[in-house]
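Below is my_file_14.txt, holding compact mmCIF, C-alpha atoms and all ligand atoms.
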```
# COMPACT_ATOMS: atom_id res chain seq x y z
CA MET A 189 0.00 0.00 0.00
CA PHE A 190 2.67 2.44 1.15
CA GLY A 191 4.92 1.44 -1.75
CA LYS A 192 2.14 2.14 -4.24
CA PHE A 193 1.55 5.59 -2.71
CA ALA A 194 5.26 6.38 -2.72
CA ARG A 195 5.53 5.35 -6.35
CA LEU A 196 2.55 7.55 -7.20
CA VAL A 197 4.08 10.54 -5.40
CA ALA A 198 7.41 9.92 -7.10
CA ALA A 199 5.73 9.75 -10.51
CA VAL A 200 3.79 12.97 -9.90
CA MET A 201 6.90 14.71 -8.58
CA SER A 202 9.05 13.74 -11.52
CA ALA A 203 6.33 14.82 -13.94
CA VAL A 204 6.08 18.19 -12.18
CA PHE A 205 9.86 18.53 -12.16
CA ALA A 206 10.19 17.68 -15.84
CA PHE A 207 7.38 20.07 -16.71
CA SER A 208 8.88 22.94 -14.71
CA LEU A 209 12.29 22.36 -16.29
CA SER A 210 11.05 22.34 -19.81
CA THR A 211 7.91 24.06 -20.94
CA THR A 212 6.49 25.96 -17.98
CA PRO A 213 5.77 29.56 -18.87
CA ILE A 214 7.32 31.94 -16.36
CA GLN A 215 4.05 32.81 -14.59
CA ALA A 216 3.19 29.22 -13.79
CA GLN A 217 6.22 28.86 -11.50
CA GLY A 218 4.83 31.39 -9.03
CA LYS A 219 4.52 35.11 -9.45
CA VAL A 220 7.20 36.82 -11.49
CA LEU A 221 8.58 40.00 -9.96
CA VAL A 222 8.75 43.20 -12.03
CA GLY A 223 10.50 46.34 -10.78
CA LEU A 224 9.50 49.94 -11.38
CA SER A 225 12.28 52.45 -10.81
CA PHE A 226 11.52 56.19 -10.90
CA SER A 227 13.92 59.13 -10.73
CA ASP A 228 11.56 60.96 -8.36
CA PHE A 229 7.92 61.49 -7.49
CA GLU A 230 8.10 65.29 -7.66
CA THR A 231 7.04 65.66 -11.28
CA PRO A 232 3.29 65.05 -11.06
CA ARG A 233 3.18 62.46 -13.85
CA TRP A 234 5.49 59.82 -12.34
CA PRO A 235 3.36 58.80 -9.29
CA GLN A 236 0.38 58.50 -11.60
CA GLU A 237 2.24 56.30 -14.06
CA ASN A 238 3.45 54.25 -11.11
CA VAL A 239 -0.18 53.50 -10.21
CA ILE A 240 -1.18 52.67 -13.79
CA MET A 241 1.78 50.31 -14.33
CA THR A 242 1.51 48.67 -10.91
CA ASP A 243 -2.19 47.96 -11.42
CA ALA A 244 -1.68 46.69 -14.97
CA LEU A 245 1.17 44.38 -13.94
CA LYS A 246 -0.78 43.00 -10.99
CA ALA A 247 -3.80 42.42 -13.19
CA MET A 248 -1.55 40.34 -15.45
CA GLY A 249 -0.42 38.24 -12.48
CA TYR A 250 2.94 39.86 -11.75
CA ASP A 251 4.34 40.90 -8.40
CA VAL A 252 5.59 44.48 -8.35
CA VAL A 253 8.30 46.33 -6.47
CA SER A 254 8.38 50.08 -7.02
CA GLN A 255 10.84 52.72 -5.83
CA GLN A 256 11.69 56.36 -6.49
CA ALA A 257 15.20 57.70 -6.06
CA GLY A 258 14.64 61.28 -4.90
CA HIS A 259 16.65 62.55 -7.90
CA ASP A 260 19.81 60.72 -6.83
CA PRO A 261 21.49 58.60 -9.57
CA LYS A 262 23.45 56.53 -7.03
CA THR A 263 20.31 55.75 -5.01
CA GLN A 264 18.57 54.75 -8.23
CA ASN A 265 21.40 52.38 -9.18
CA ASP A 266 21.33 50.82 -5.70
CA GLN A 267 17.58 50.38 -5.96
CA ILE A 268 17.92 48.72 -9.38
CA ALA A 269 20.65 46.39 -8.06
CA ASN A 270 18.40 45.52 -5.15
CA MET A 271 15.51 44.67 -7.43
CA VAL A 272 17.80 42.30 -9.32
CA THR A 273 18.87 40.68 -6.03
CA GLN A 274 15.22 40.27 -5.07
CA GLY A 275 14.75 38.32 -8.30
CA ALA A 276 13.06 40.87 -10.56
CA LYS A 277 12.89 39.49 -14.09
CA ALA A 278 12.12 42.86 -15.69
CA ILE A 279 12.54 46.49 -14.63
CA ILE A 280 10.88 49.58 -16.11
CA ILE A 281 13.13 52.57 -15.48
CA VAL A 282 12.65 56.35 -15.59
CA ALA A 283 16.33 57.27 -15.33
CA GLN A 284 17.48 60.27 -13.32
CA ASP A 285 20.71 60.26 -15.31
CA ALA A 286 21.06 58.57 -18.69
CA ASP A 287 24.79 57.77 -18.27
CA ALA A 288 24.81 56.82 -14.60
CA ALA A 289 21.89 54.41 -14.96
CA ALA A 290 23.73 52.55 -17.76
CA THR A 291 25.99 50.85 -15.19
CA ALA A 292 23.12 49.38 -13.18
CA VAL A 293 21.29 48.39 -16.34
CA GLU A 294 24.32 46.57 -17.78
CA ASP A 295 24.68 44.64 -14.50
CA ALA A 296 20.99 43.76 -14.58
CA ALA A 297 21.18 42.69 -18.22
CA LYS A 298 24.06 40.31 -17.35
CA GLU A 299 21.58 38.55 -15.04
CA GLY A 300 19.12 38.28 -17.91
CA VAL A 301 16.83 41.02 -16.61
CA VAL A 302 14.67 42.73 -19.23
CA VAL A 303 15.03 46.51 -18.93
CA ILE A 304 12.61 48.98 -20.47
CA ALA A 305 13.79 52.60 -20.60
CA TYR A 306 10.57 54.46 -19.88
CA ASP A 307 10.15 57.98 -21.29
CA ARG A 308 13.88 58.72 -20.83
CA LEU A 309 16.63 56.87 -22.63
CA ILE A 310 19.43 55.08 -20.76
CA ALA A 311 22.76 55.31 -22.57
CA THR A 312 23.40 51.62 -23.20
CA PRO A 313 22.37 49.17 -25.92
CA LYS A 314 21.66 46.62 -23.16
CA ILE A 315 18.11 47.84 -22.70
CA ALA A 316 15.47 45.62 -24.27
CA ALA A 317 13.48 48.63 -25.48
CA TYR A 318 12.88 52.36 -25.11
CA ILE A 319 9.36 53.77 -25.14
CA THR A 320 8.76 57.50 -25.20
CA PHE A 321 6.90 60.36 -26.88
CA GLY A 322 8.01 62.35 -29.92
CA LEU A 323 10.70 64.46 -28.26
CA THR A 324 11.34 67.00 -30.99
CA GLN A 325 7.57 67.36 -31.49
CA VAL A 326 7.35 68.39 -27.82
CA GLY A 327 9.90 71.16 -28.43
CA ASN A 328 8.22 72.13 -31.73
CA GLY A 329 4.92 72.61 -29.91
CA GLN A 330 6.47 74.68 -27.13
CA ALA A 331 8.12 77.11 -29.56
CA ASP A 332 5.09 77.19 -31.85
CA GLY A 333 2.71 78.02 -28.98
CA VAL A 334 4.91 80.83 -27.70
CA LEU A 335 5.54 82.35 -31.16
CA LYS A 336 1.84 82.31 -32.01
CA ALA A 337 1.02 84.03 -28.71
CA LEU A 338 3.54 86.74 -29.67
CA GLY A 339 1.70 87.21 -32.97
CA ILE A 340 4.39 85.50 -35.06
CA THR A 341 2.91 83.05 -37.54
CA ALA A 342 5.45 82.95 -40.37
CA ILE A 343 8.74 84.57 -41.33
CA ASP A 344 6.83 87.18 -43.36
CA SER A 345 4.18 87.60 -40.67
CA THR A 346 5.94 88.59 -37.46
CA GLY A 347 3.59 91.33 -36.23
CA LYS A 348 5.35 94.06 -34.28
CA TRP A 349 8.58 92.06 -33.98
CA THR A 350 11.43 93.11 -36.26
CA LYS A 351 15.21 93.09 -36.36
CA ASP A 352 15.13 96.44 -34.58
CA ASN A 353 12.53 95.30 -32.12
CA PRO A 354 13.37 91.63 -31.54
CA VAL A 355 11.66 89.25 -29.12
CA ASN A 356 13.92 88.89 -26.07
CA LEU A 357 13.51 85.19 -25.44
CA VAL A 358 14.52 83.16 -22.36
CA LYS A 359 14.92 79.38 -22.53
CA LEU A 360 14.63 77.30 -19.36
CA GLU A 361 15.66 73.76 -20.28
CA GLY A 362 15.45 70.45 -18.41
CA ASP A 363 17.90 68.63 -16.18
CA PRO A 364 21.20 68.15 -18.02
CA GLY A 365 21.39 64.44 -17.04
CA ASP A 366 18.04 63.76 -18.72
CA ASN A 367 18.61 62.64 -22.31
CA ASN A 368 15.22 64.14 -23.27
CA ALA A 369 16.25 67.69 -22.40
CA LYS A 370 18.51 68.21 -25.42
CA PHE A 371 15.93 66.80 -27.82
CA PHE A 372 13.17 69.04 -26.46
CA GLU A 373 15.53 71.97 -27.02
CA ALA A 374 16.43 70.77 -30.52
CA GLY A 375 12.72 70.70 -31.32
CA GLN A 376 12.31 74.26 -30.06
CA ASP A 377 15.33 75.43 -32.05
CA GLU A 378 14.01 73.85 -35.22
CA ILE A 379 11.00 76.20 -35.06
CA LEU A 380 12.95 79.22 -33.77
CA LYS A 381 15.84 79.03 -36.24
CA PRO A 382 14.48 81.15 -39.12
CA TYR A 383 13.47 83.88 -36.69
CA VAL A 384 16.76 83.77 -34.80
CA ASP A 385 18.69 83.83 -38.09
CA ALA A 386 16.66 86.85 -39.24
CA GLY A 387 17.31 88.61 -35.92
CA ILE A 388 13.59 88.71 -35.06
CA VAL A 389 14.06 86.47 -32.03
CA LYS A 390 17.03 87.00 -29.71
CA VAL A 391 17.80 84.33 -27.11
CA VAL A 392 18.93 86.56 -24.22
CA ALA A 393 19.39 83.70 -21.73
CA ARG A 394 19.26 79.90 -21.64
CA GLN A 395 19.71 77.69 -18.64
CA ASN A 396 19.34 74.02 -17.73
CA ILE A 397 17.37 73.62 -14.51
CA ALA A 398 18.64 70.88 -12.19
CA ASN A 399 16.06 68.18 -11.42
CA TRP A 400 13.42 70.03 -13.46
CA ASP A 401 12.70 71.72 -10.15
CA GLU A 402 10.15 74.52 -9.90
CA THR A 403 11.96 76.36 -7.08
CA ASN A 404 15.23 76.24 -9.03
CA ALA A 405 13.33 77.69 -12.00
CA VAL A 406 12.00 80.58 -9.89
CA THR A 407 15.54 81.47 -8.79
CA ALA A 408 16.97 81.14 -12.31
CA MET A 409 14.21 83.34 -13.74
CA GLU A 410 14.65 85.96 -11.00
CA ASN A 411 18.36 86.18 -11.79
CA ILE A 412 17.71 86.39 -15.52
CA LEU A 413 15.14 89.18 -15.04
CA THR A 414 17.64 91.11 -12.94
CA SER A 415 20.44 90.70 -15.47
CA GLN A 416 18.10 91.68 -18.35
CA ASN A 417 16.54 94.65 -16.52
CA ASN A 418 13.18 92.87 -16.88
CA LYS A 419 13.39 93.19 -20.68
CA VAL A 420 12.03 89.74 -21.42
CA ASP A 421 9.25 89.17 -23.96
CA ALA A 422 8.75 85.40 -23.81
CA VAL A 423 9.90 82.26 -21.99
CA ILE A 424 10.21 78.81 -23.47
CA ALA A 425 10.22 76.56 -20.42
CA ALA A 426 10.66 72.84 -21.03
CA ASN A 427 7.90 71.58 -18.70
CA ASP A 428 5.06 72.81 -16.50
CA ASN A 429 7.24 72.84 -13.35
CA LEU A 430 9.67 75.21 -15.07
CA GLY A 431 6.94 77.27 -16.74
CA LEU A 432 5.08 77.77 -13.45
CA GLY A 433 8.37 78.68 -11.76
CA ALA A 434 9.09 81.27 -14.48
CA LEU A 435 5.57 82.67 -14.07
CA GLN A 436 6.11 83.18 -10.33
CA ALA A 437 9.20 85.28 -10.99
CA LEU A 438 7.51 87.19 -13.85
CA THR A 439 4.37 87.91 -11.82
CA ALA A 440 6.47 89.21 -8.93
CA GLN A 441 7.83 91.80 -11.42
CA LYS A 442 4.30 92.45 -12.77
CA LEU A 443 5.33 91.08 -16.15
CA SER A 444 2.93 89.13 -18.32
CA VAL A 445 4.53 87.38 -21.32
CA PRO A 446 3.97 84.09 -23.18
CA VAL A 447 5.38 81.05 -21.32
CA SER A 448 5.41 77.39 -22.34
CA GLY A 449 5.33 74.16 -20.38
CA GLN A 450 4.94 70.40 -20.90
CA ASP A 451 2.96 67.52 -19.39
CA ALA A 452 -0.51 69.12 -19.17
CA THR A 453 -0.29 68.84 -15.38
CA ALA A 454 -3.31 69.85 -13.30
CA PRO A 455 -1.61 73.09 -12.10
CA GLY A 456 -0.29 73.79 -15.62
CA CYS A 457 -3.74 73.40 -17.18
CA ASN A 458 -5.31 75.50 -14.42
CA SER A 459 -2.75 78.20 -15.20
CA ILE A 460 -3.72 78.04 -18.90
CA ALA A 461 -7.40 78.34 -17.96
CA LYS A 462 -6.51 81.44 -15.93
CA GLY A 463 -4.68 82.96 -18.91
CA GLN A 464 -1.21 82.68 -17.37
CA LEU A 465 0.65 79.72 -18.91
CA THR A 466 0.38 79.91 -22.70
CA VAL A 467 0.96 76.38 -23.95
CA THR A 468 1.64 72.93 -22.58
CA ILE A 469 2.22 69.60 -24.30
CA LEU A 470 -0.05 66.70 -23.50
CA LYS A 471 1.71 63.35 -23.52
CA ASP A 472 -0.94 60.78 -22.84
CA TYR A 473 0.74 58.41 -20.43
CA ARG A 474 -2.57 56.57 -20.04
CA VAL A 475 -1.55 55.13 -23.41
CA MET A 476 2.19 54.76 -22.79
CA ALA A 477 2.15 53.15 -19.33
CA PRO A 478 0.08 50.11 -20.39
CA GLN A 479 2.25 49.74 -23.50
CA ALA A 480 5.39 49.56 -21.36
CA VAL A 481 3.76 46.81 -19.31
CA GLU A 482 2.81 45.05 -22.54
CA LEU A 483 6.46 45.21 -23.66
CA VAL A 484 7.58 43.61 -20.41
CA ASP A 485 5.07 40.81 -20.83
CA GLU A 486 6.07 40.24 -24.45
CA PHE A 487 9.81 40.15 -23.71
CA LEU A 488 9.36 37.86 -20.70
CA ASN A 489 7.46 35.48 -22.90
CA GLY A 490 10.08 35.46 -25.63
CA LYS A 491 8.16 37.71 -28.00
CA THR A 492 8.96 41.11 -29.39
CA ASP A 493 6.81 44.06 -30.39
CA PRO A 494 6.19 44.73 -34.09
CA ASP A 495 5.91 48.49 -33.45
CA LEU A 496 9.49 48.74 -32.17
CA LYS A 497 12.05 50.11 -34.64
CA SER A 498 15.81 49.93 -34.45
CA TYR A 499 17.78 53.17 -33.90
CA LYS A 500 21.48 53.91 -33.43
CA LEU A 501 22.25 54.68 -29.79
CA ALA A 502 24.61 57.41 -31.05
CA ASP A 503 21.66 59.14 -32.77
CA LEU A 504 19.35 58.74 -29.80
CA THR A 505 21.87 60.28 -27.40
CA GLY A 506 23.67 62.70 -29.68
CA ASN A 507 26.87 61.01 -28.48
CA ALA A 508 28.85 59.67 -31.44
CA SER A 509 31.12 57.57 -29.22
CA LEU A 510 28.27 55.28 -28.14
CA THR A 511 27.87 52.17 -30.24
CA GLY A 512 25.05 49.71 -30.69
CA ASP A 513 21.38 49.86 -31.53
CA VAL A 514 18.24 50.29 -29.47
CA MET A 515 14.68 49.21 -30.21
CA ALA A 516 12.38 52.17 -29.65
CA LYS A 517 8.85 53.40 -30.02
CA TYR A 518 7.67 57.04 -30.10
CA LEU A 519 4.10 58.04 -29.25
CA PRO A 520 2.31 61.18 -30.47
CA VAL A 521 1.89 64.41 -28.46
CA THR A 522 -0.70 67.23 -28.49
CA GLU A 523 -0.02 70.96 -28.21
CA VAL A 524 -2.52 72.45 -25.74
CA THR A 525 -3.48 76.13 -25.49
CA LYS A 526 -6.58 77.86 -24.13
CA ASP A 527 -8.27 77.08 -27.46
CA ASN A 528 -8.26 73.29 -27.12
CA LEU A 529 -7.79 72.89 -23.35
CA TYR A 530 -11.38 71.81 -22.74
CA GLU A 531 -11.47 69.18 -25.50
CA ALA A 532 -7.92 67.87 -25.30
CA VAL A 533 -7.53 67.78 -21.51
CA VAL A 534 -10.94 67.84 -19.84
CA VAL A 535 -13.23 65.99 -22.25
CA SER A 536 -10.48 63.43 -22.83
CA GLY A 537 -10.42 62.85 -19.06
CA PHE A 538 -6.68 63.53 -18.82
CA GLN A 539 -7.28 66.04 -16.00
CA SER A 540 -10.47 66.62 -14.07
CA TYR A 541 -12.83 69.50 -14.80
CA ASP A 542 -12.54 70.63 -11.17
CA ASP A 543 -8.73 70.74 -11.23
CA VAL A 544 -8.51 72.54 -14.56
CA TYR A 545 -11.12 75.18 -13.71
CA GLN A 546 -10.22 75.59 -10.03
CA ASP A 547 -10.78 79.21 -8.87
CA ILE A 548 -12.27 80.24 -12.22
CA PRO A 549 -15.50 82.23 -11.82
CA GLU A 550 -18.57 80.09 -12.52
CA ALA A 551 -19.69 82.36 -15.38
CA GLU A 552 -16.38 81.89 -17.24
CA LYS A 553 -16.26 78.09 -17.02
CA PRO A 554 -17.37 75.91 -19.92
CA ALA A 555 -20.10 73.38 -19.21
CA ARG A 556 -19.02 70.32 -17.25
CA PRO A 557 -18.64 67.52 -19.82
CA GLU A 558 -21.30 64.85 -19.52
CA ALA A 559 -18.81 62.08 -19.96
CA THR A 560 -15.09 61.93 -20.49
CA LYS A 561 -13.59 60.10 -23.43
CA ALA A 562 -10.97 57.57 -22.48
CA PRO A 563 -7.96 57.50 -24.84
C1 LIG B 1 9.80 64.04 -19.20
C2 LIG B 1 8.83 65.16 -18.93
C3 LIG B 1 8.94 65.58 -17.48
C4 LIG B 1 10.37 65.81 -17.08
C5 LIG B 1 10.52 66.06 -15.58
C6 LIG B 1 11.19 64.46 -18.80
O1 LIG B 1 12.10 63.48 -19.06
O2 LIG B 1 9.77 63.67 -20.55
O3 LIG B 1 7.54 64.74 -19.24
O4 LIG B 1 8.22 66.75 -17.26
O5 LIG B 1 11.18 64.73 -17.42
O6 LIG B 1 10.21 64.95 -14.85
```
Final structure tokens representation of the file:
Amino acid sequence: MFGKFARLVAAVMSAVFAFSLSTTPIQAQGKVLVGLSFSDFETPRWPQENVIMTDALKAMGYDVVSQQAGHDPKTQNDQIANMVTQGAKAIIIVAQDADAAATAVEDAAKEGVVVIAYDRLIATPKIAAYITFGLTQVGNGQADGVLKALGITAIDSTGKWTKDNPVNLVKLEGDPGDNNAKFFEAGQDEILKPYVDAGIVKVVARQNIANWDETNAVTAMENILTSQNNKVDAVIAANDNLGLGALQALTAQKLSVPVSGQDATAPGCNSIAKGQLTVTILKDYRVMAPQAVELVDEFLNGKTDPDLKSYKLADLTGNASLTGDVMAKYLPVTEVTKDNLYEAVVVSGFQSYDDVYQDIPEAEKPARPEATKAP
């Protein structure tokens, strides 16, 4: 009797063992751990994307470990190494610093970990994929929105602005360690170039703002206003944090000039509704976050994504000394001004009606949308 039972157990055990060695998909061996590593939770979008990705991964049966690095590249690398030690099979990373994160990613890749560079590139070909939004389009939209608000619509239609009366333009750019920052600026410059070449736009100051921090932007803008005797006609700021920081410094000097942003944050959109911020760029992370999770799932199951295209790392970083290729995917962006704020941001459900129209007199608000349209 006992012998029969033992033989049965042995047979079942060896079948289970053979199965788990050969064909078992990853999930069937217990929950697979996926890491989410963020540079910080100060920029409003990251905590929201953390929630979307965590929920999506859990719904697909994954375990999730998520950390933010408080803007410190070394902390982020330690957190990534820790996730690998804990057994994470994939990590989605928003890198604080494109170069610094490469070290941790290369170590993770040696252990077979799938790394997705999320929104920001990491300067190594060892990532499995890079998913982001059209970076130069972001910059194009920022410059376009500001020029239009100045009354400049074409090189032969520049309104009151001439070579003798040029636009004194300030540029507040992103954190220098963020690979995106230079491509946002390149996009701005693409639009500005004919006007700069013709002397109609004069860049009187440009500065990278560490950590994309709003307080740092206020200080930078205050110093620029002092050095320019307040003679500033427009500010291209690379995201809403920087744009709102610039606006604080401008308002303190009772100046009102066109200012750009990016992210369509709740405070940024509220500022547009109030007629302060001029333009922001909506990047619909409700679309991107699930796609990053999808990429993880595909790679962990030995598949790849047909929408990924191969790019040279040197081109994606602007650093000719970097070799290798990276699979990447760029998603579309939307330029948002007062004209399309309601449709693009509120009706689409990207931000709530109450956040966008906070402190706006009842009589000036559009009707509350009956339903919001999911992306
Ligand atoms: C992102 C922006 C964001 C900024 C600050 C950039 O890399 O693309 O959307 O505003 O970082 O976090």
Box for ligand LIG 1 (chain B): with edges along x, y and z, all listed atoms inside and 8 Å added on each side, what are the centre and edge lengths in Å to one decimal, as lines of an AutoDock Vina configuration file?
```
center_x = 9.8
center_y = 65.1
center_z = -17.7
size_x = 20.6
size_y = 19.3
size_z = 21.7
```
Using only C-alpha atoms, find each residue of segment 464-491 of chain A with at least one atom at most 8 Å away from an atom of segment 500-521 of chain A; report its shortest atom-to-atom pair and that distance in Å (one decimal), sort the rows by chain and rising residue number, and return the result as a Markdown table.
```
| residue | atom | partner | partner_atom | distance |
| --- | --- | --- | --- | --- |
| A:Ile469 | CA | A:Val521 | CA | 6.7 |
| A:Leu470 | CA | A:Val521 | CA | 5.8 |
| A:Lys471 | CA | A:Val521 | CA | 5.1 |
| A:Asp472 | CA | A:Val521 | CA | 7.3 |
| A:Met476 | CA | A:Leu519 | CA | 7.5 |
```
- Message: Need the shell around Leu413 of chain A: protein/DNA/RNA residues with any atom at most 8 Å away, counting only C-alpha atoms. Skip same-chain ones fewer than 6 positions apart. Format as a ChimeraX atom specification?
- Response: /A:419-420,438
For the interface of segment 260-373 of chain A with segment 386-395 of chain A (cut-off 10 Å, counting all atoms listed in the file), please tabulate each contacting residue of segment 260-373 of chain A alongside its nearest pair of atoms and their separation in Å to one decimal, rows sorted by chain and increasing number, as JSON lines.
```
{"residue": "A:Leu335", "atom": "CA", "partner": "A:Val389", "partner_atom": "CA", "distance": 9.5}
{"residue": "A:Ile340", "atom": "CA", "partner": "A:Ile388", "partner_atom": "CA", "distance": 9.7}
{"residue": "A:Ile343", "atom": "CA", "partner": "A:Ala386", "partner_atom": "CA", "distance": 8.5}
{"residue": "A:Thr346", "atom": "CA", "partner": "A:Ile388", "partner_atom": "CA", "distance": 8.0}
{"residue": "A:Lys348", "atom": "CA", "partner": "A:Ile388", "partner_atom": "CA", "distance": 9.9}
{"residue": "A:Trp349", "atom": "CA", "partner": "A:Ile388", "partner_atom": "CA", "distance": 6.1}
{"residue": "A:Thr350", "atom": "CA", "partner": "A:Ile388", "partner_atom": "CA", "distance": 5.0}
{"residue": "A:Lys351", "atom": "CA", "partner": "A:Ile388", "partner_atom": "CA", "distance": 4.8}
{"residue": "A:Asp352", "atom": "CA", "partner": "A:Ile388", "partner_atom": "CA", "distance": 7.9}
{"residue": "A:Asn353", "atom": "CA", "partner": "A:Ile388", "partner_atom": "CA", "distance": 7.3}
{"residue": "A:Pro354", "atom": "CA", "partner": "A:Ile388", "partner_atom": "CA", "distance": 4.6}
{"residue": "A:Val355", "atom": "CA", "partner": "A:Val389", "partner_atom": "CA", "distance": 4.7}
{"residue": "A:Asn356", "atom": "CA", "partner": "A:Lys390", "partner_atom": "CA", "distance": 5.1}
{"residue": "A:Leu357", "atom": "CA", "partner": "A:Val391", "partner_atom": "CA", "distance": 4.7}
{"residue": "A:Val358", "atom": "CA", "partner": "A:Ala393", "partner_atom": "CA", "distance": 4.9}
{"residue": "A:Lys359", "atom": "CA", "partner": "A:Arg394", "partner_atom": "CA", "distance": 4.5}
{"residue": "A:Leu360", "atom": "CA", "partner": "A:Gln395", "partner_atom": "CA", "distance": 5.1}
{"residue": "A:Glu361", "atom": "CA", "partner": "A:Gln395", "partner_atom": "CA", "distance": 5.9}
{"residue": "A:Gly362", "atom": "CA", "partner": "A:Gln395", "partner_atom": "CA", "distance": 8.4}
{"residue": "A:Asp363", "atom": "CA", "partner": "A:Gln395", "partner_atom": "CA", "distance": 9.6}
{"residue": "A:Pro364", "atom": "CA", "partner": "A:Gln395", "partner_atom": "CA", "distance": 9.7}
```
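Nearest-residue note for Ala461 of chain A: choosing from A:Tyr499, A:Tyr541, A:Phe226, A:Tyr306, the minimum distance belongs to A:Tyr541, counting all atoms listed in the file.
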- Query: Which protein, DNA or RNA residues have an atom within 10 Å of ligand LIG 1 (chain B), counting all atoms listed in the file, as a VMD selection string?
  - Reply: chain A and resid 226 to 234 259 282 to 285 306 to 309 320 to 323 326 362 to 363 365 to 369 372 399 to 401 426 to 430 449 to 453 469 to 471 473
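The space separating atom CA of Leu380 of chain A from atom CA of Gly333 of chain A comes to 11.4 Å.
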- Query: From the list A:Ala317, A:Val293, A:Ala374, A:Ala269, which residue is nearest Asp495 of chain A when using all atoms listed in the file?
  - Reply: A:Ala317
